[in-house]
$ cat start-v2.pdb   # PDB, C-alpha atoms and all ligand atoms
MODEL        1
ATOM      1  CA  MET A   1      -4.071  -3.891   4.159  1.00  0.00           C
ATOM      2  CA  VAL A   2      -3.231  -6.454   1.518  1.00  0.00           C
ATOM      3  CA  PHE A   3      -2.161  -5.518  -2.009  1.00  0.00           C
ATOM      4  CA  TYR A   4      -1.742  -8.057  -4.783  1.00  0.00           C
ATOM      5  CA  LEU A   5       0.572  -7.142  -7.675  1.00  0.00           C
ATOM      6  CA  ARG A   6      -0.235  -9.144 -10.793  1.00  0.00           C
ATOM      7  CA  GLY A   7       1.687  -9.215 -14.050  1.00  0.00           C
ATOM      8  CA  ASP A   8       4.231 -11.133 -16.095  1.00  0.00           C
ATOM      9  CA  LEU A   9       7.886 -11.534 -15.199  1.00  0.00           C
ATOM     10  CA  GLY A  10       9.484  -8.106 -15.545  1.00  0.00           C
ATOM     11  CA  ALA A  11       6.161  -6.269 -15.585  1.00  0.00           C
ATOM     12  CA  GLY A  12       7.338  -3.762 -12.969  1.00  0.00           C
ATOM     13  CA  LYS A  13       5.877  -5.092  -9.709  1.00  0.00           C
ATOM     14  CA  THR A  14       9.078  -4.777  -7.686  1.00  0.00           C
ATOM     15  CA  THR A  15       9.827  -1.405  -9.245  1.00  0.00           C
ATOM     16  CA  LEU A  16       6.480  -0.040  -8.046  1.00  0.00           C
ATOM     17  CA  VAL A  17       6.897  -1.436  -4.522  1.00  0.00           C
ATOM     18  CA  ARG A  18      10.425  -0.007  -4.366  1.00  0.00           C
ATOM     19  CA  ALA A  19       9.132   3.435  -5.385  1.00  0.00           C
ATOM     20  CA  LEU A  20       6.349   3.214  -2.814  1.00  0.00           C
ATOM     21  CA  ILE A  21       8.717   2.319   0.029  1.00  0.00           C
ATOM     22  CA  GLN A  22      11.147   5.042  -0.981  1.00  0.00           C
ATOM     23  CA  ALA A  23       8.295   7.571  -1.229  1.00  0.00           C
ATOM     24  CA  LEU A  24       7.508   6.722   2.394  1.00  0.00           C
ATOM     25  CA  GLY A  25      10.996   7.914   3.304  1.00  0.00           C
ATOM     26  CA  TYR A  26      13.016   4.700   3.351  1.00  0.00           C
ATOM     27  CA  THR A  27      16.578   5.553   2.285  1.00  0.00           C
ATOM     28  CA  ARG A  28      18.357   2.194   2.357  1.00  0.00           C
ATOM     29  CA  ARG A  29      18.320  -0.390  -0.423  1.00  0.00           C
ATOM     30  CA  VAL A  30      15.007  -2.007  -1.327  1.00  0.00           C
ATOM     31  CA  LYS A  31      15.892  -5.494  -2.570  1.00  0.00           C
ATOM     32  CA  SER A  32      13.646  -7.801  -4.530  1.00  0.00           C
ATOM     33  CA  PRO A  33      12.470 -10.664  -2.291  1.00  0.00           C
ATOM     34  CA  THR A  34      13.100 -13.078  -5.168  1.00  0.00           C
ATOM     35  CA  TYR A  35      15.040 -15.568  -3.025  1.00  0.00           C
ATOM     36  CA  THR A  36      14.024 -14.632   0.513  1.00  0.00           C
ATOM     37  CA  LEU A  37      10.303 -14.482  -0.485  1.00  0.00           C
ATOM     38  CA  LEU A  38       9.813 -11.735   2.127  1.00  0.00           C
ATOM     39  CA  GLU A  39      11.502  -8.419   2.904  1.00  0.00           C
ATOM     40  CA  GLN A  40      10.364  -6.169   5.757  1.00  0.00           C
ATOM     41  CA  TYR A  41      10.446  -2.400   6.121  1.00  0.00           C
ATOM     42  CA  GLU A  42       9.396   0.194   8.656  1.00  0.00           C
ATOM     43  CA  ALA A  43       8.727   3.447   6.819  1.00  0.00           C
ATOM     44  CA  GLY A  44       6.310   6.337   7.079  1.00  0.00           C
ATOM     45  CA  GLY A  45       4.937   4.897  10.305  1.00  0.00           C
ATOM     46  CA  LEU A  46       3.906   1.717   8.474  1.00  0.00           C
ATOM     47  CA  HIS A  47       4.966  -1.896   8.855  1.00  0.00           C
ATOM     48  CA  LEU A  48       5.522  -3.040   5.281  1.00  0.00           C
ATOM     49  CA  ARG A  49       5.869  -6.636   4.128  1.00  0.00           C
ATOM     50  CA  HIS A  50       6.995  -7.198   0.546  1.00  0.00           C
ATOM     51  CA  PHE A  51       6.450 -10.748  -0.697  1.00  0.00           C
ATOM     52  CA  ASP A  52       7.566 -12.358  -3.947  1.00  0.00           C
ATOM     53  CA  LEU A  53       5.896 -15.776  -3.992  1.00  0.00           C
ATOM     54  CA  TYR A  54       7.203 -16.839  -7.415  1.00  0.00           C
ATOM     55  CA  ARG A  55       9.330 -19.536  -5.760  1.00  0.00           C
ATOM     56  CA  PHE A  56       6.784 -20.348  -3.084  1.00  0.00           C
ATOM     57  CA  ARG A  57       6.025 -24.087  -2.921  1.00  0.00           C
ATOM     58  CA  ASP A  58       3.181 -25.332  -0.763  1.00  0.00           C
ATOM     59  CA  GLU A  59       1.082 -25.174   2.371  1.00  0.00           C
ATOM     60  CA  GLU A  60       3.877 -26.733   4.427  1.00  0.00           C
ATOM     61  CA  GLU A  61       6.137 -23.822   3.516  1.00  0.00           C
ATOM     62  CA  TRP A  62       3.345 -21.363   4.323  1.00  0.00           C
ATOM     63  CA  GLU A  63       3.151 -22.763   7.861  1.00  0.00           C
ATOM     64  CA  ALA A  64       6.924 -23.156   8.296  1.00  0.00           C
ATOM     65  CA  THR A  65       7.715 -19.575   7.289  1.00  0.00           C
ATOM     66  CA  GLY A  66       4.966 -18.123   9.475  1.00  0.00           C
ATOM     67  CA  PHE A  67       3.657 -16.081   6.553  1.00  0.00           C
ATOM     68  CA  ARG A  68       0.123 -16.443   7.874  1.00  0.00           C
ATOM     69  CA  ASP A  69       1.082 -14.362  10.922  1.00  0.00           C
ATOM     70  CA  GLU A  70       2.208 -11.474   8.720  1.00  0.00           C
ATOM     71  CA  PHE A  71      -1.366 -10.921   7.503  1.00  0.00           C
ATOM     72  CA  ASP A  72      -2.391  -9.639  10.902  1.00  0.00           C
ATOM     73  CA  GLY A  73      -4.371  -6.538   9.948  1.00  0.00           C
ATOM     74  CA  ARG A  74      -1.501  -4.395  11.199  1.00  0.00           C
ATOM     75  CA  ASN A  75       1.016  -4.880   8.399  1.00  0.00           C
ATOM     76  CA  VAL A  76       0.739  -3.498   4.904  1.00  0.00           C
ATOM     77  CA  CYS A  77       1.371  -6.577   2.765  1.00  0.00           C
ATOM     78  CA  LEU A  78       2.452  -6.104  -0.866  1.00  0.00           C
ATOM     79  CA  VAL A  79       2.408  -9.441  -2.649  1.00  0.00           C
ATOM     80  CA  GLU A  80       3.960 -10.332  -6.002  1.00  0.00           C
ATOM     81  CA  TRP A  81       2.738 -13.636  -7.518  1.00  0.00           C
ATOM     82  CA  PRO A  82      -0.152 -14.098  -5.044  1.00  0.00           C
ATOM     83  CA  GLU A  83      -1.591 -16.824  -7.314  1.00  0.00           C
ATOM     84  CA  LYS A  84       1.267 -19.107  -6.175  1.00  0.00           C
ATOM     85  CA  ALA A  85      -0.300 -19.211  -2.698  1.00  0.00           C
ATOM     86  CA  HIS A  86      -3.877 -19.447  -3.879  1.00  0.00           C
ATOM     87  CA  GLY A  87      -6.176 -20.698  -1.112  1.00  0.00           C
ATOM     88  CA  LEU A  88      -3.695 -19.815   1.634  1.00  0.00           C
ATOM     89  CA  ILE A  89      -3.239 -16.086   1.307  1.00  0.00           C
ATOM     90  CA  PRO A  90      -5.954 -13.678   2.510  1.00  0.00           C
ATOM     91  CA  GLN A  91      -8.015 -11.747  -0.019  1.00  0.00           C
ATOM     92  CA  ALA A  92      -6.549  -8.512  -1.372  1.00  0.00           C
ATOM     93  CA  ASP A  93      -7.993  -5.128  -0.462  1.00  0.00           C
ATOM     94  CA  VAL A  94      -6.482  -3.776  -3.665  1.00  0.00           C
ATOM     95  CA  GLU A  95      -5.206  -5.565  -6.763  1.00  0.00           C
ATOM     96  CA  ILE A  96      -2.712  -3.899  -9.079  1.00  0.00           C
ATOM     97  CA  MET A  97      -2.559  -5.372 -12.580  1.00  0.00           C
ATOM     98  CA  PHE A  98       0.404  -4.605 -14.840  1.00  0.00           C
ATOM     99  CA  GLU A  99       0.453  -4.713 -18.616  1.00  0.00           C
ATOM    100  CA  ILE A 100       3.716  -4.325 -20.503  1.00  0.00           C
ATOM    101  CA  LEU A 101       3.443  -1.798 -23.330  1.00  0.00           C
ATOM    102  CA  PRO A 102       6.014  -1.161 -26.091  1.00  0.00           C
ATOM    103  CA  SER A 103       6.965   1.911 -24.088  1.00  0.00           C
ATOM    104  CA  GLY A 104       6.218   1.883 -20.355  1.00  0.00           C
ATOM    105  CA  ARG A 105       3.437   0.084 -18.543  1.00  0.00           C
ATOM    106  CA  ASN A 106      -0.320   0.186 -18.178  1.00  0.00           C
ATOM    107  CA  ILE A 107      -1.561  -0.319 -14.620  1.00  0.00           C
ATOM    108  CA  MET A 108      -5.077  -1.106 -13.470  1.00  0.00           C
ATOM    109  CA  LEU A 109      -6.147  -0.797  -9.834  1.00  0.00           C
ATOM    110  CA  ARG A 110      -9.097  -2.678  -8.407  1.00  0.00           C
ATOM    111  CA  ALA A 111     -10.555  -2.461  -4.902  1.00  0.00           C
ATOM    112  CA  ASN A 112     -12.127  -5.629  -3.483  1.00  0.00           C
ATOM    113  CA  THR A 113     -13.049  -4.442   0.019  1.00  0.00           C
ATOM    114  CA  LYS A 114     -14.404  -1.347   1.757  1.00  0.00           C
ATOM    115  CA  THR A 115     -10.887  -0.546   2.966  1.00  0.00           C
ATOM    116  CA  GLY A 116      -9.596  -0.951  -0.570  1.00  0.00           C
ATOM    117  CA  ARG A 117     -12.279   1.367  -1.961  1.00  0.00           C
ATOM    118  CA  GLU A 118     -11.461   3.997   0.664  1.00  0.00           C
ATOM    119  CA  CYS A 119      -7.809   3.699  -0.288  1.00  0.00           C
ATOM    120  CA  LEU A 120      -8.419   4.156  -4.019  1.00  0.00           C
ATOM    121  CA  ASN A 121     -10.989   6.926  -3.478  1.00  0.00           C
ATOM    122  CA  SER A 122      -8.396   8.875  -1.520  1.00  0.00           C
ATOM    123  CA  LEU A 123      -6.123   8.784  -4.589  1.00  0.00           C
ATOM    124  CA  GLN A 124      -8.711  10.686  -6.610  1.00  0.00           C
ATOM    125  CA  SER A 125      -9.192  13.550  -4.166  1.00  0.00           C
TER     126      SER A 125
HETATM  127  N1  LIG E   1       6.914   1.605 -15.641  1.00  0.00           N
HETATM  128  C1  LIG E   1       8.005   1.094 -16.236  1.00  0.00           C
HETATM  129  N2  LIG E   1       8.401   1.538 -17.430  1.00  0.00           N
HETATM  130  C2  LIG E   1       9.501   1.018 -18.026  1.00  0.00           C
HETATM  131  N3  LIG E   1      10.279   0.045 -17.491  1.00  0.00           N
HETATM  132  C3  LIG E   1       9.936  -0.424 -16.299  1.00  0.00           C
HETATM  133  C4  LIG E   1       8.774   0.058 -15.612  1.00  0.00           C
HETATM  134  N4  LIG E   1       8.654  -0.620 -14.439  1.00  0.00           N
HETATM  135  C5  LIG E   1       9.689  -1.485 -14.401  1.00  0.00           C
HETATM  136  N5  LIG E   1      10.457  -1.369 -15.505  1.00  0.00           N
HETATM  137  C6  LIG E   1      11.665  -2.161 -15.800  1.00  0.00           C
HETATM  138  O1  LIG E   1      11.298  -3.524 -15.990  1.00  0.00           O
HETATM  139  C7  LIG E   1      12.286  -4.381 -15.436  1.00  0.00           C
HETATM  140  C8  LIG E   1      11.655  -5.408 -14.534  1.00  0.00           C
HETATM  141  O2  LIG E   1      10.985  -4.744 -13.469  1.00  0.00           O
HETATM  142  P1  LIG E   1      10.628  -5.459 -12.095  1.00  0.00           P
HETATM  143  O3  LIG E   1      11.802  -6.205 -11.547  1.00  0.00           O
HETATM  144  O4  LIG E   1      10.014  -4.424 -11.244  1.00  0.00           O
HETATM  145  O5  LIG E   1       9.542  -6.529 -12.575  1.00  0.00           O
HETATM  146  P2  LIG E   1       8.677  -7.564 -11.718  1.00  0.00           P
HETATM  147  O6  LIG E   1       7.269  -7.441 -12.183  1.00  0.00           O
HETATM  148  O7  LIG E   1       8.929  -7.388 -10.263  1.00  0.00           O
HETATM  149  O8  LIG E   1       9.244  -8.968 -12.197  1.00  0.00           O
HETATM  150  P3  LIG E   1       9.265 -10.385 -11.442  1.00  0.00           P
HETATM  151  O9  LIG E   1       7.936 -11.051 -11.700  1.00  0.00           O
HETATM  152  O10 LIG E   1      10.396 -11.111 -12.127  1.00  0.00           O
HETATM  153  O11 LIG E   1       9.505 -10.143  -9.975  1.00  0.00           O
HETATM  154  C9  LIG E   1      13.293  -3.490 -14.718  1.00  0.00           C
HETATM  155  O12 LIG E   1      14.438  -3.396 -15.541  1.00  0.00           O
HETATM  156  C10 LIG E   1      12.604  -2.168 -14.608  1.00  0.00           C
HETATM  157  O13 LIG E   1      13.502  -1.089 -14.664  1.00  0.00           O
HETATM  158 MG    MG E   2       9.566  -8.648  -8.784  1.00  0.00          MG
ENDMDL
END
$ encode --input "start-v2.pdb" --output "structure tokens" --more "lines below"
Ligand SMILES: Nc1ncnc2c1ncn2[C@@H]1O[C@H](COP(=O)(O)OP(=O)(O)OP(=O)(O)O)[C@@H](O)[C@H]1O
Ligand SMILES: [Mg+2]
Amino acid sequence: MVFYLRGDLGAGKTTLVRALIQALGYTRRVKSPTYTLLEQYEAGGLHLRHFDLYRFRDEEEWEATGFRDEFDGRNVCLVEWPEKAHGLIPQADVEIMFEILPSGRNIMLRANTKTGRECLNSLQS
């Protein structure tokens, strides 16, 4: 699956991904991929790929890093700043939109695919 995380700098995207990975049982440090652009985790029987594309440059970098290969239908890809790789990155199954409130955050979830809808429906049951 592919998740996009959208929101301003400091909106809480990394914080949510960190909580998710830890909830899956990962006990070591979950770093922000600010400089590496990609961090990888195996947790809860899932292959997780956490991207932060804020510093992502262009198509050449997309090919050089092999990012395309990570969207293989097997990995769970969680992508901060997906708009930086617009036109290169596959469509999201689920988009998570963050809004900064005076206290805390407002989060909106949107499913774009059948898989995404199944995922969000399972949250309600
Ligand atoms: N739900 C929340 N309520 C209050 N504070 C939060 C919440 N989520 C994150 N924060 C705080 O906001 C700050 C920035 O969070 P975070 O690094 O997750 O943002 P980000 O969206 O990943 O930013 P960037 O675009 O720079 O990667 C952190 O200090 C974090 O503790
Ligand atoms: Mg972040």
$ resolve_selection --input "start-v2.pdb" --expression "the PyMOL selection byres (((chain A and resi 109) around 8) and not hetatm)" --output "number ranges by chain"
A: 94-97, 107-108, 110-111, 120
$ closest_residue --input "start-v2.pdb" --among "A:Lys114, A:Arg28, A:His50, A:Arg105" --to "ligand LIG 1 (chain E)" --atoms "all atoms listed in the file"
A:Arg105
$ residues_near_ligand --input "start-v2.pdb" --ligand "ligand MG 2 (chain E)" --cutoff "8 Å" --atoms "only C-alpha atoms and all ligand atoms" --output "ChimeraX atom specification"
/A:9-15,32-34,52,80
$ axis_aligned_box --input "start-v2.pdb" --around "range 76-81 of chain A" --padding-each-side "8 Å" --output "JSON"
{"center_x": 2.3, "center_y": -8.6, "center_z": -1.3, "size_x": 19.2, "size_y": 26.1, "size_z": 28.4}
$ resolve_selection --input "start-v2.pdb" --expression "the PyMOL selection byres (((chain A and resi 89) around 10) and not hetatm)" --output "ChimeraX atom specification"
/A:2,62,67-68,71,79,82-88,90-92
